[in-house]
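Contents: one structure, followed by commentary.
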Amino acid sequence: MKRIKISELLETKGQNQEVKAMGWVRTKRGSKNVAFLALNDGSSIKNIQVVIDFDKISIDLLENVHSGASVAVVGKLVPSQGKGQSVEIEADTLELLGKADPDSFPIQPKKHSLEFLRENAHLRFRTNLFGAITRIRHAMIFGVHKFFNDKGFYNIHTPIITASDAEGAGEMFRVTTLDLNNLPRNEAKEIDYKQDFFGRSSHLTVSGQLEAELAALAMAEVYTFGPTFRAENSNTVRHLAEFWMIEPEMAFYDIHDDMDLAEEMLQYLVKYALDNCKDDLEFLHERRTKENSQKPQNERDALELIDRLNFVVENKFVRLTYTEAIDILKNSKPNKKKQFQYPVEGWGTDLQSEHERYLVEKHFKKPVILIDYPKDIKAFYMKLNDDDKTVRAMDVLFPQIGEIIGGSQREENLEKLQKRMSEMNIPEDEMWWYMDTRKFGTVPHSGFGLGFERLMLFVTGMSNIRDVIPFPRTPKNAEF
Ligand code: 4AD
Ligand code: MG
């Protein structure tokens, strides 16, 4: 007999038809004559209730069925007598596929701390919480591809191994097959990467942008959505060493078109979640609301999860320049009262997440897009403004998150690009292919990068980025 997914069974009318379900037991409760199993197969946040009558199924078998065990059930789908579900299965046969010893199975039917679940990431998919996050993550990935496909963008697979440092930040993981105990040296006694696998020094990419630009300067509108790697030692709730980034790159777009696309995409994706992940979002909403109510008044979220999502979909983002933002921050209450960890002193410094969140959550109470950042704190490829001091950068700042998107209009003028590269010590000879696009048929173009896990943080209302990716990679942590 063919198995039917639990999500499908729950949508079906119970008419005594014979069905088969397979899944993992979430809970078992019972009395002398009958037991109830709550069965989940990952297809829904909701379990199906299986009614076990000891006249039909041996009580000895059931004694071995505990939370976490896997079973196959064949029985009749009937309208449920109990509250909370419309149908249930009256079991005719029960097969125990895999036991779960109640004394050693870590995921018990009670509330576990997120820390504990991180240490048990191989089993945390078995919880309601991580089931919900996993389904939403899938829906968001699908939504990203749908958004771009519907707009006629081409998906480009950009390389994961690279010899260039796209962001010029130098925080890269090395890729090598050299014997670390016996490194080859050249005449100058430096490590001889000519003998390495690629015949040169190579790394894991921090961004697919530079290659996406090559494609955009022929295909017009492209995007890449791949894993990116950063060896920055930031042990924060918003940083991963391995994360996924969505990077569209568009020929003929200026910074304003770029911002329009970023805003449209974020609103589309949040709406996609609201439309397609209703049950899971309701579960997360309730969870977050409960948590929120236990916090001191001044630390509570202004809006509960689903309201916050709707708010982003319904409100236009505020746009202003970095210079205007610095003025607001300098004169803000927390700055004057020295409540910022990093006081805002003057023009030219980078914004910290506390500043970004102040602008979004306290000052404007809306998502914010900042443009025209000082050139010294941004990457070499950003288009220089006429003031010679700022670049056509744009960062999208979100409530709870801070920076969710970073992007810019690109410098399409060869001479200006060369000047920036030499100022920033970016070796031109290694980037000849990038320069070629400015030599041959250059056009104004723009793009941005959306950190997928930052989006997931926002959509799920989770507070730690380690909980929105199945297997987080952070400093000193690469288990599983
Ligand atoms: O601002 P970033 O560094 O921009 C770039 O990499 C550009 N090449 C993008 C482009 O224009 N094509 O990173 C973009 C986004 C950030 O806004 C943030 O959401 C996310 O990537 N991000 C991280 N997410 C998790 N962990 C980290 N360590 C992250 N670093 C950046
Ligand atoms: Mg950035």
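Here, A, B, ... name the chains of the structure tokens in the order displayed, residue numbers run from 1 inside each chain, and ligands are numbered from 1 in the same displayed order.
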Using only C-alpha atoms and all ligand atoms, find each protein or nucleic acid residue lying at most 9 Å from ligand 2; present the set as an mmCIF file with N, CA and C atoms, in the first residue's frame.
data_model
loop_
_atom_site.group_PDB
_atom_site.id
_atom_site.type_symbol
_atom_site.label_atom_id
_atom_site.label_comp_id
_atom_site.auth_asym_id
_atom_site.auth_seq_id
_atom_site.Cartn_x
_atom_site.Cartn_y
_atom_site.Cartn_z
ATOM 1 N N LYS A 378 34.153 51.214 1.969
ATOM 2 C CA LYS A 378 33.443 50.316 1.055
ATOM 3 C C LYS A 378 34.400 49.722 0.026
ATOM 4 N N MET A 394 24.660 51.084 -1.382
ATOM 5 C CA MET A 394 23.375 51.100 -0.670
ATOM 6 C C MET A 394 23.309 49.893 0.262
ATOM 7 N N ASP A 395 22.903 50.136 1.489
ATOM 8 C CA ASP A 395 22.659 49.056 2.447
ATOM 9 C C ASP A 395 21.197 49.120 2.853
ATOM 10 N N GLU A 403 21.840 45.343 8.989
ATOM 11 C CA GLU A 403 22.084 45.190 7.543
ATOM 12 C C GLU A 403 21.601 43.831 7.041
ATOM 13 N N ILE A 404 20.705 43.878 6.074
ATOM 14 C CA ILE A 404 20.228 42.626 5.474
ATOM 15 C C ILE A 404 20.721 42.522 4.029
ATOM 16 N N ILE A 405 20.914 43.699 3.390
ATOM 17 C CA ILE A 405 21.419 43.738 2.013
ATOM 18 C C ILE A 405 22.548 44.751 1.932
ATOM 19 N N GLY A 406 23.584 44.399 1.159
ATOM 20 C CA GLY A 406 24.618 45.373 0.810
ATOM 21 C C GLY A 406 24.796 45.360 -0.698
ATOM 22 N N GLY A 407 24.845 46.537 -1.302
ATOM 23 C CA GLY A 407 24.993 46.557 -2.756
ATOM 24 C C GLY A 407 25.500 47.893 -3.233
ATOM 25 N N GLY A 449 23.775 42.123 -2.627
ATOM 26 C CA GLY A 449 23.798 40.795 -2.009
ATOM 27 C C GLY A 449 22.851 40.761 -0.825
#
Selection near Asn155 of chain A, 12 Å with only C-alpha atoms, sequence-local residues under 3 positions removed, as JSON, numbers by chain: {"A": [144, 145, 146, 147, 148, 149, 150, 151, 152, 158, 208, 212, 215, 216, 219, 220, 221, 222, 223, 224, 225, 226, 246, 247, 248, 249]}
Helix (DSSP H, G or I) residues, from DSSP on the backbone, in segment 82-269 of chain A, as a PyMOL selection string: chain A and resi 114-119+124-126+128-150+193-195+209-219+255-269
Go through segment 338-386 of chain A and flag each residue having an atom no more than 12 Å from segment 260-275 of chain A; for those, report the closest pair of atoms plus their distance in Å to one decimal, using only C-alpha atoms, ordered by chain and rising number, as CSV.
residue,atom,partner,partner_atom,distance
A:Pro367,CA,A:Glu263,CA,9.4
A:Val368,CA,A:Glu263,CA,9.8
A:Ile369,CA,A:Glu263,CA,8.9
Glu345 of chain A environment, 12 Å, only C-alpha atoms, sequence neighbours closer than 6 positions dropped, as a list in words: Ile326, Asp327, Ile328, Leu329, Lys330, Asn331, Ser332, Asn335, Lys336, Lys338 and Leu351 of chain A
Go ahead and save the picked residues with N, CA, C and O atoms, as an mmCIF file, in the first residue's frame.
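Result file result-v4.cif:
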data_model
loop_
_atom_site.group_PDB
_atom_site.id
_atom_site.type_symbol
_atom_site.label_atom_id
_atom_site.label_comp_id
_atom_site.auth_asym_id
_atom_site.auth_seq_id
_atom_site.Cartn_x
_atom_site.Cartn_y
_atom_site.Cartn_z
ATOM 1 N N ILE A 326 24.266 59.867 9.767
ATOM 2 C CA ILE A 326 25.253 60.207 10.798
ATOM 3 C C ILE A 326 24.749 61.392 11.630
ATOM 4 O O ILE A 326 24.881 61.404 12.857
ATOM 5 N N ASP A 327 24.137 62.384 10.956
ATOM 6 C CA ASP A 327 23.592 63.534 11.695
ATOM 7 C C ASP A 327 22.524 63.094 12.690
ATOM 8 O O ASP A 327 22.516 63.538 13.836
ATOM 9 N N ILE A 328 21.635 62.225 12.228
ATOM 10 C CA ILE A 328 20.572 61.734 13.117
ATOM 11 C C ILE A 328 21.185 60.999 14.304
ATOM 12 O O ILE A 328 20.809 61.215 15.459
ATOM 13 N N LEU A 329 22.160 60.154 14.004
ATOM 14 C CA LEU A 329 22.756 59.335 15.071
ATOM 15 C C LEU A 329 23.546 60.186 16.063
ATOM 16 O O LEU A 329 23.484 59.970 17.273
ATOM 17 N N LYS A 330 24.282 61.162 15.517
ATOM 18 C CA LYS A 330 25.090 62.014 16.393
ATOM 19 C C LYS A 330 24.218 62.730 17.418
ATOM 20 O O LYS A 330 24.575 62.868 18.579
ATOM 21 N N ASN A 331 23.045 63.173 16.946
ATOM 22 C CA ASN A 331 22.153 63.940 17.815
ATOM 23 C C ASN A 331 21.138 63.073 18.553
ATOM 24 O O ASN A 331 20.229 63.598 19.197
ATOM 25 N N SER A 332 21.272 61.753 18.432
ATOM 26 C CA SER A 332 20.266 60.879 19.047
ATOM 27 C C SER A 332 20.470 60.786 20.551
ATOM 28 O O SER A 332 21.572 60.997 21.058
ATOM 29 N N ASN A 335 23.109 58.308 21.804
ATOM 30 C CA ASN A 335 24.483 58.766 21.574
ATOM 31 C C ASN A 335 24.877 59.819 22.611
ATOM 32 O O ASN A 335 25.959 59.774 23.181
ATOM 33 N N LYS A 336 23.948 60.750 22.854
ATOM 34 C CA LYS A 336 24.253 61.801 23.832
ATOM 35 C C LYS A 336 24.383 61.229 25.239
ATOM 36 O O LYS A 336 25.201 61.673 26.026
ATOM 37 N N LYS A 338 25.498 58.405 25.888
ATOM 38 C CA LYS A 338 26.580 57.415 25.837
ATOM 39 C C LYS A 338 26.085 55.977 26.026
ATOM 40 O O LYS A 338 26.711 55.149 26.686
ATOM 41 N N LEU A 351 29.021 52.086 10.266
ATOM 42 C CA LEU A 351 27.924 51.965 11.227
ATOM 43 C C LEU A 351 27.931 50.560 11.833
ATOM 44 O O LEU A 351 28.192 49.579 11.160
#
Using only C-alpha atoms and all ligand atoms, what are the residues with an atom within 8 Å of ligand 1, set out as a compact mmCIF listing (two decimals) with all heavy atoms, in the first residue's frame?
# COMPACT_ATOMS: atom_id res chain seq x y z
N ALA A 166 36.88 39.20 -3.63
CA ALA A 166 35.89 40.13 -4.17
C ALA A 166 35.67 41.35 -3.28
O ALA A 166 35.52 42.46 -3.76
CB ALA A 166 34.57 39.40 -4.39
N GLU A 167 35.62 41.15 -1.99
CA GLU A 167 35.31 42.26 -1.10
C GLU A 167 36.59 42.98 -0.65
O GLU A 167 36.51 43.97 0.08
CB GLU A 167 34.51 41.79 0.10
CG GLU A 167 33.10 41.33 -0.25
CD GLU A 167 32.31 42.41 -0.97
OE1 GLU A 167 32.09 43.48 -0.41
OE2 GLU A 167 31.93 42.18 -2.13
N VAL A 206 34.13 34.75 -1.13
CA VAL A 206 33.34 35.55 -0.17
C VAL A 206 32.10 36.12 -0.85
O VAL A 206 31.22 36.67 -0.17
CB VAL A 206 34.14 36.72 0.46
CG1 VAL A 206 35.28 36.19 1.31
CG2 VAL A 206 34.68 37.66 -0.62
N SER A 207 32.02 36.00 -2.18
CA SER A 207 30.91 36.59 -2.93
C SER A 207 31.02 36.16 -4.39
O SER A 207 32.12 36.04 -4.92
CB SER A 207 30.99 38.12 -2.84
OG SER A 207 30.30 38.72 -3.91
N GLY A 208 29.87 35.96 -5.02
CA GLY A 208 29.89 35.60 -6.44
C GLY A 208 29.77 36.81 -7.35
O GLY A 208 29.61 36.69 -8.56
N GLN A 209 29.86 37.99 -6.75
CA GLN A 209 29.56 39.21 -7.50
C GLN A 209 30.42 39.44 -8.74
O GLN A 209 29.91 39.76 -9.81
CB GLN A 209 29.70 40.42 -6.58
CG GLN A 209 29.48 41.73 -7.30
CD GLN A 209 29.97 42.92 -6.49
OE1 GLN A 209 29.86 42.91 -5.28
NE2 GLN A 209 30.49 43.92 -7.16
N LEU A 210 31.73 39.30 -8.59
CA LEU A 210 32.60 39.68 -9.71
C LEU A 210 32.29 38.84 -10.95
O LEU A 210 32.23 39.35 -12.06
CB LEU A 210 34.07 39.58 -9.32
CG LEU A 210 34.49 40.43 -8.11
CD1 LEU A 210 36.00 40.41 -7.95
CD2 LEU A 210 34.00 41.87 -8.22
N PHE A 229 31.77 32.24 1.99
CA PHE A 229 32.56 31.86 3.15
C PHE A 229 33.35 33.05 3.67
O PHE A 229 33.98 33.75 2.89
CB PHE A 229 33.52 30.74 2.75
CG PHE A 229 32.82 29.58 2.08
CD1 PHE A 229 32.58 29.60 0.70
CD2 PHE A 229 32.35 28.51 2.82
CE1 PHE A 229 31.90 28.56 0.08
CE2 PHE A 229 31.67 27.48 2.21
CZ PHE A 229 31.45 27.49 0.84
N ARG A 230 33.29 33.27 4.97
CA ARG A 230 34.06 34.38 5.52
C ARG A 230 34.77 33.93 6.79
O ARG A 230 34.13 33.45 7.73
CB ARG A 230 33.17 35.58 5.80
CG ARG A 230 32.50 36.01 4.51
CD ARG A 230 32.20 37.47 4.40
NE ARG A 230 31.62 37.70 3.08
CZ ARG A 230 30.98 38.79 2.72
NH1 ARG A 230 30.85 39.77 3.58
NH2 ARG A 230 30.50 38.92 1.50
N GLU A 232 35.97 35.66 9.05
CA GLU A 232 36.06 36.72 10.05
C GLU A 232 35.71 36.09 11.40
O GLU A 232 34.81 35.27 11.51
CB GLU A 232 35.12 37.89 9.73
CG GLU A 232 33.69 37.46 9.42
CD GLU A 232 32.83 38.57 8.84
OE1 GLU A 232 33.15 39.74 9.07
OE2 GLU A 232 31.85 38.25 8.17
N SER A 234 33.94 36.71 13.86
CA SER A 234 32.87 37.42 14.57
C SER A 234 31.89 36.42 15.13
O SER A 234 31.09 35.85 14.42
CB SER A 234 32.12 38.41 13.69
OG SER A 234 32.66 38.48 12.42
N ARG A 238 24.55 37.21 14.34
CA ARG A 238 24.22 37.56 12.96
C ARG A 238 25.28 37.13 11.94
O ARG A 238 25.15 37.40 10.77
CB ARG A 238 24.01 39.06 12.84
CG ARG A 238 22.62 39.52 13.19
CD ARG A 238 22.48 41.02 13.03
NE ARG A 238 23.12 41.69 14.16
CZ ARG A 238 22.53 41.87 15.33
NH1 ARG A 238 21.31 41.45 15.51
NH2 ARG A 238 23.16 42.47 16.32
N HIS A 239 26.34 36.46 12.40
CA HIS A 239 27.42 36.08 11.48
C HIS A 239 27.64 34.58 11.43
O HIS A 239 27.67 33.92 12.46
CB HIS A 239 28.75 36.74 11.91
CG HIS A 239 28.78 38.20 11.64
ND1 HIS A 239 28.32 39.13 12.55
CD2 HIS A 239 29.21 38.90 10.56
CE1 HIS A 239 28.46 40.34 12.04
NE2 HIS A 239 28.99 40.24 10.84
N LEU A 240 27.83 34.10 10.22
CA LEU A 240 28.23 32.72 10.01
C LEU A 240 29.52 32.72 9.19
O LEU A 240 29.79 33.66 8.45
CB LEU A 240 27.15 31.97 9.21
CG LEU A 240 25.84 31.69 9.92
CD1 LEU A 240 24.77 31.29 8.91
CD2 LEU A 240 26.02 30.59 10.97
N ALA A 241 30.30 31.65 9.32
CA ALA A 241 31.50 31.53 8.50
C ALA A 241 31.13 30.98 7.11
O ALA A 241 31.85 31.17 6.14
CB ALA A 241 32.51 30.60 9.17
N GLU A 242 29.99 30.29 7.05
CA GLU A 242 29.47 29.78 5.77
C GLU A 242 28.01 30.18 5.69
O GLU A 242 27.23 29.78 6.56
CB GLU A 242 29.61 28.25 5.76
CG GLU A 242 29.00 27.57 4.56
CD GLU A 242 29.16 26.04 4.64
OE1 GLU A 242 30.29 25.55 4.52
OE2 GLU A 242 28.15 25.36 4.85
N PHE A 243 27.68 31.01 4.73
CA PHE A 243 26.28 31.42 4.60
C PHE A 243 25.93 31.50 3.12
O PHE A 243 26.79 31.39 2.26
CB PHE A 243 26.03 32.76 5.30
CG PHE A 243 26.79 33.94 4.72
CD1 PHE A 243 26.17 34.83 3.84
CD2 PHE A 243 28.12 34.15 5.05
CE1 PHE A 243 26.88 35.91 3.30
CE2 PHE A 243 28.83 35.23 4.51
CZ PHE A 243 28.21 36.10 3.64
N TRP A 244 24.65 31.66 2.86
CA TRP A 244 24.17 31.66 1.47
C TRP A 244 23.78 33.08 1.08
O TRP A 244 23.18 33.81 1.87
CB TRP A 244 22.99 30.70 1.32
CG TRP A 244 23.46 29.28 1.44
CD1 TRP A 244 23.88 28.66 2.59
CD2 TRP A 244 23.61 28.32 0.39
NE1 TRP A 244 24.27 27.38 2.30
CE2 TRP A 244 24.12 27.13 0.98
CE3 TRP A 244 23.37 28.34 -0.98
CZ2 TRP A 244 24.38 25.99 0.22
CZ3 TRP A 244 23.62 27.19 -1.72
CH2 TRP A 244 24.13 26.03 -1.13
N MET A 245 24.18 33.46 -0.11
CA MET A 245 23.91 34.84 -0.54
C MET A 245 23.22 34.85 -1.90
O MET A 245 23.57 34.08 -2.78
CB MET A 245 25.21 35.65 -0.59
CG MET A 245 24.92 37.11 -0.41
SD MET A 245 26.27 38.30 -0.61
CE MET A 245 27.74 37.49 -0.29
N ILE A 246 22.24 35.75 -2.00
CA ILE A 246 21.53 35.96 -3.26
C ILE A 246 22.10 37.24 -3.85
O ILE A 246 22.02 38.30 -3.23
CB ILE A 246 20.03 36.12 -3.01
CG1 ILE A 246 19.48 34.82 -2.40
CG2 ILE A 246 19.28 36.51 -4.27
CD1 ILE A 246 18.56 35.06 -1.25
N GLU A 247 22.69 37.14 -5.03
CA GLU A 247 23.33 38.31 -5.62
C GLU A 247 22.85 38.56 -7.06
O GLU A 247 23.37 37.98 -8.00
CB GLU A 247 24.86 38.13 -5.61
CG GLU A 247 25.43 38.11 -4.20
CD GLU A 247 26.95 37.95 -4.20
OE1 GLU A 247 27.42 36.81 -4.31
OE2 GLU A 247 27.64 38.98 -4.12
N PRO A 248 21.86 39.44 -7.21
CA PRO A 248 21.49 39.84 -8.56
C PRO A 248 22.46 40.89 -9.10
O PRO A 248 23.04 41.65 -8.32
CB PRO A 248 20.09 40.45 -8.38
CG PRO A 248 20.03 40.88 -6.97
CD PRO A 248 20.99 40.04 -6.18
N GLU A 249 22.64 40.89 -10.39
CA GLU A 249 23.53 41.87 -11.03
C GLU A 249 22.88 42.28 -12.34
O GLU A 249 22.50 41.42 -13.13
CB GLU A 249 24.89 41.20 -11.27
CG GLU A 249 26.02 42.14 -11.62
CD GLU A 249 26.41 43.10 -10.48
OE1 GLU A 249 26.40 42.69 -9.30
OE2 GLU A 249 26.72 44.26 -10.79
N ASP A 395 22.90 50.14 1.49
CA ASP A 395 22.66 49.06 2.45
C ASP A 395 21.20 49.12 2.85
O ASP A 395 20.68 50.21 3.13
CB ASP A 395 23.51 49.24 3.72
CG ASP A 395 24.94 48.70 3.53
OD1 ASP A 395 25.30 48.32 2.40
OD2 ASP A 395 25.68 48.67 4.54
N VAL A 396 20.54 47.96 2.87
CA VAL A 396 19.16 47.92 3.37
C VAL A 396 19.21 47.45 4.83
O VAL A 396 19.83 46.43 5.13
CB VAL A 396 18.28 46.96 2.55
CG1 VAL A 396 16.85 46.99 3.08
CG2 VAL A 396 18.32 47.31 1.07
N GLU A 403 21.84 45.34 8.99
CA GLU A 403 22.08 45.19 7.54
C GLU A 403 21.60 43.83 7.04
O GLU A 403 22.07 42.79 7.49
CB GLU A 403 23.59 45.35 7.26
CG GLU A 403 23.89 45.15 5.78
CD GLU A 403 25.39 45.08 5.47
OE1 GLU A 403 26.19 45.58 6.27
OE2 GLU A 403 25.73 44.51 4.42
N ILE A 404 20.71 43.88 6.07
CA ILE A 404 20.23 42.63 5.47
C ILE A 404 20.72 42.52 4.03
O ILE A 404 20.93 41.43 3.51
CB ILE A 404 18.68 42.52 5.59
CG1 ILE A 404 18.20 41.10 5.30
CG2 ILE A 404 17.96 43.52 4.70
CD1 ILE A 404 16.76 40.85 5.75
N ILE A 405 20.91 43.70 3.39
CA ILE A 405 21.42 43.74 2.01
C ILE A 405 22.55 44.75 1.93
O ILE A 405 22.48 45.82 2.54
CB ILE A 405 20.30 44.16 1.03
CG1 ILE A 405 19.38 42.98 0.71
CG2 ILE A 405 20.87 44.75 -0.27
CD1 ILE A 405 18.27 43.30 -0.29
N GLY A 406 23.58 44.40 1.16
CA GLY A 406 24.62 45.37 0.81
C GLY A 406 24.80 45.36 -0.70
O GLY A 406 24.86 44.29 -1.30
N GLY A 407 24.85 46.54 -1.30
CA GLY A 407 24.99 46.56 -2.76
C GLY A 407 25.50 47.89 -3.23
O GLY A 407 25.84 48.77 -2.43
N SER A 408 25.53 48.06 -4.55
CA SER A 408 25.99 49.34 -5.09
C SER A 408 25.78 49.41 -6.60
O SER A 408 25.55 48.39 -7.24
CB SER A 408 27.48 49.54 -4.83
OG SER A 408 28.25 48.72 -5.70
N SER A 446 24.53 47.61 -11.81
CA SER A 446 24.38 47.61 -10.35
C SER A 446 24.00 46.22 -9.87
O SER A 446 23.57 45.38 -10.66
CB SER A 446 23.25 48.56 -9.93
OG SER A 446 23.51 49.88 -10.36
N GLY A 447 24.15 46.03 -8.59
CA GLY A 447 23.75 44.75 -8.00
C GLY A 447 23.78 44.83 -6.50
O GLY A 447 24.12 45.86 -5.92
N PHE A 448 23.40 43.74 -5.86
CA PHE A 448 23.45 43.70 -4.40
C PHE A 448 23.51 42.26 -3.92
O PHE A 448 23.34 41.32 -4.69
CB PHE A 448 22.26 44.44 -3.78
CG PHE A 448 20.90 43.90 -4.14
CD1 PHE A 448 20.37 42.80 -3.49
CD2 PHE A 448 20.13 44.53 -5.12
CE1 PHE A 448 19.10 42.32 -3.81
CE2 PHE A 448 18.86 44.06 -5.45
CZ PHE A 448 18.35 42.95 -4.79
N GLY A 449 23.77 42.12 -2.63
CA GLY A 449 23.80 40.80 -2.01
C GLY A 449 22.85 40.76 -0.82
O GLY A 449 22.92 41.61 0.06
N LEU A 450 21.94 39.78 -0.84
CA LEU A 450 21.05 39.56 0.30
C LEU A 450 21.55 38.33 1.05
O LEU A 450 21.67 37.25 0.46
CB LEU A 450 19.62 39.32 -0.20
CG LEU A 450 18.61 38.73 0.81
CD1 LEU A 450 18.37 39.69 1.97
CD2 LEU A 450 17.29 38.37 0.13
N GLY A 451 21.86 38.51 2.33
CA GLY A 451 22.26 37.36 3.15
C GLY A 451 21.03 36.52 3.43
O GLY A 451 20.11 36.96 4.11
N PHE A 452 21.03 35.30 2.91
CA PHE A 452 19.82 34.47 3.00
C PHE A 452 19.45 34.18 4.46
O PHE A 452 18.27 34.20 4.82
CB PHE A 452 20.01 33.17 2.21
CG PHE A 452 18.78 32.32 2.15
CD1 PHE A 452 17.61 32.81 1.60
CD2 PHE A 452 18.78 31.03 2.67
CE1 PHE A 452 16.46 32.04 1.56
CE2 PHE A 452 17.64 30.25 2.63
CZ PHE A 452 16.47 30.75 2.07
N GLU A 453 20.45 33.91 5.29
CA GLU A 453 20.14 33.60 6.69
C GLU A 453 19.66 34.82 7.45
O GLU A 453 18.89 34.71 8.41
CB GLU A 453 21.35 32.97 7.39
CG GLU A 453 21.59 31.51 7.00
CD GLU A 453 22.17 31.36 5.61
OE1 GLU A 453 22.78 32.34 5.12
OE2 GLU A 453 22.03 30.27 5.01
N ARG A 454 20.11 36.02 7.04
CA ARG A 454 19.57 37.24 7.68
C ARG A 454 18.09 37.38 7.33
O ARG A 454 17.28 37.77 8.16
CB ARG A 454 20.36 38.47 7.21
CG ARG A 454 21.84 38.40 7.54
CD ARG A 454 22.25 39.39 8.60
NE ARG A 454 23.63 39.21 8.98
CZ ARG A 454 24.59 40.12 8.81
NH1 ARG A 454 24.30 41.30 8.28
NH2 ARG A 454 25.83 39.86 9.19
N LEU A 455 17.75 37.06 6.08
CA LEU A 455 16.33 37.08 5.69
C LEU A 455 15.55 36.05 6.52
O LEU A 455 14.45 36.32 7.01
CB LEU A 455 16.19 36.77 4.19
CG LEU A 455 14.75 36.59 3.71
CD1 LEU A 455 14.03 37.94 3.69
CD2 LEU A 455 14.70 35.96 2.32
N ILE A 465 21.42 33.36 14.36
CA ILE A 465 21.57 32.89 12.97
C ILE A 465 21.93 31.41 12.92
O ILE A 465 21.64 30.73 11.92
CB ILE A 465 22.61 33.78 12.23
CG1 ILE A 465 22.46 33.68 10.72
CG2 ILE A 465 24.04 33.45 12.68
CD1 ILE A 465 23.08 34.81 9.94
Strand (DSSP E) residues, from DSSP on the backbone, in segment 30-268 of chain A, as a PyMOL selection string: chain A and resi 30+34-40+48-53+70-79+87-98+154-155+161-162+174-175+202-204+221-229+242-251
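By only C-alpha atoms, and with residues fewer than 3 positions from Glu354 of chain A along its chain excluded, the set lying at most 9 Å from it is Phe340, Gln341, Tyr342, Leu351, Arg357, Tyr358, Leu359 and Gly402 of chain A.
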Keeping all heavy atoms, export the residues of the selection given above as a short mmCIF file (atom, residue, chain, number, x, y, z; two decimals), in the first residue's frame.
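Saved the output as again05.cif:
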data_model
loop_
_atom_site.label_atom_id
_atom_site.label_comp_id
_atom_site.auth_asym_id
_atom_site.auth_seq_id
_atom_site.Cartn_x
_atom_site.Cartn_y
_atom_site.Cartn_z
N PHE A 340 25.36 54.00 23.36
CA PHE A 340 25.89 53.15 22.29
C PHE A 340 27.22 52.56 22.74
O PHE A 340 28.05 53.26 23.34
CB PHE A 340 26.13 53.95 21.00
CG PHE A 340 24.88 54.26 20.22
CD1 PHE A 340 24.72 55.52 19.63
CD2 PHE A 340 23.88 53.31 20.03
CE1 PHE A 340 23.58 55.82 18.88
CE2 PHE A 340 22.74 53.61 19.29
CZ PHE A 340 22.60 54.86 18.71
N GLN A 341 27.44 51.32 22.41
CA GLN A 341 28.74 50.70 22.71
C GLN A 341 29.84 51.40 21.88
O GLN A 341 30.95 51.60 22.36
CB GLN A 341 28.67 49.22 22.37
CG GLN A 341 29.75 48.41 23.03
CD GLN A 341 29.75 46.97 22.52
OE1 GLN A 341 28.75 46.46 22.00
NE2 GLN A 341 30.89 46.30 22.65
N TYR A 342 29.47 51.74 20.64
CA TYR A 342 30.39 52.49 19.78
C TYR A 342 29.81 53.88 19.55
O TYR A 342 28.93 54.05 18.72
CB TYR A 342 30.57 51.79 18.44
CG TYR A 342 31.15 50.40 18.55
CD1 TYR A 342 30.31 49.29 18.71
CD2 TYR A 342 32.53 50.19 18.50
CE1 TYR A 342 30.83 48.01 18.84
CE2 TYR A 342 33.06 48.91 18.62
CZ TYR A 342 32.21 47.83 18.78
OH TYR A 342 32.73 46.57 18.90
N LEU A 351 29.02 52.09 10.27
CA LEU A 351 27.92 51.97 11.23
C LEU A 351 27.93 50.56 11.83
O LEU A 351 28.19 49.58 11.16
CB LEU A 351 26.58 52.21 10.53
CG LEU A 351 26.40 53.59 9.93
CD1 LEU A 351 25.00 53.73 9.34
CD2 LEU A 351 26.62 54.68 10.97
N ARG A 357 20.12 49.54 13.86
CA ARG A 357 18.84 49.19 14.48
C ARG A 357 18.17 50.40 15.12
O ARG A 357 16.94 50.51 15.14
CB ARG A 357 19.03 48.06 15.49
CG ARG A 357 19.40 46.76 14.78
CD ARG A 357 19.45 45.58 15.71
NE ARG A 357 18.17 45.38 16.39
CZ ARG A 357 17.96 44.39 17.26
NH1 ARG A 357 18.91 43.53 17.52
NH2 ARG A 357 16.79 44.26 17.84
N TYR A 358 18.97 51.34 15.61
CA TYR A 358 18.37 52.56 16.15
C TYR A 358 17.61 53.31 15.05
O TYR A 358 16.46 53.74 15.23
CB TYR A 358 19.45 53.48 16.76
CG TYR A 358 18.87 54.82 17.17
CD1 TYR A 358 18.22 54.97 18.39
CD2 TYR A 358 18.93 55.92 16.31
CE1 TYR A 358 17.64 56.18 18.75
CE2 TYR A 358 18.35 57.14 16.65
CZ TYR A 358 17.71 57.26 17.87
OH TYR A 358 17.13 58.45 18.21
N LEU A 359 18.24 53.46 13.90
CA LEU A 359 17.60 54.17 12.79
C LEU A 359 16.27 53.50 12.41
O LEU A 359 15.25 54.15 12.21
CB LEU A 359 18.52 54.19 11.57
CG LEU A 359 19.77 55.07 11.67
CD1 LEU A 359 20.71 54.81 10.49
CD2 LEU A 359 19.40 56.55 11.72
N GLY A 402 19.39 44.72 11.43
CA GLY A 402 20.40 45.65 10.95
C GLY A 402 20.59 45.40 9.46
O GLY A 402 19.61 45.19 8.75
#
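Distance check against Asp388 of chain A using only C-alpha atoms: of A:Arg185, A:Arg319, A:Arg420, A:Lys365, the minimum falls on A:Arg420.
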Surrounding residues of segment 468-474 of chain A excluding itself and chain neighbours under 2 positions, 8 Å, only C-alpha atoms, as number ranges by chain: A: 121, 133-134, 137, 235, 239-242, 453, 456-457, 462, 464-466, 476-480
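Shortest separation to Pro159 of chain A among A:His122, A:His203, A:Lys375, A:Arg308 occurs at residue A:His203, atoms counted being only C-alpha atoms.
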Closest of A:Leu129, A:Ile426, A:Ala218, A:Leu97 to Lys110 of chain A - atom-to-atom distances counting only C-alpha atoms: A:Leu129
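Using only C-alpha atoms, the smallest distance between any of A:Asn120, A:Ser31, A:Thr460, A:Ser67 and Lys278 of chain A comes from A:Thr460.
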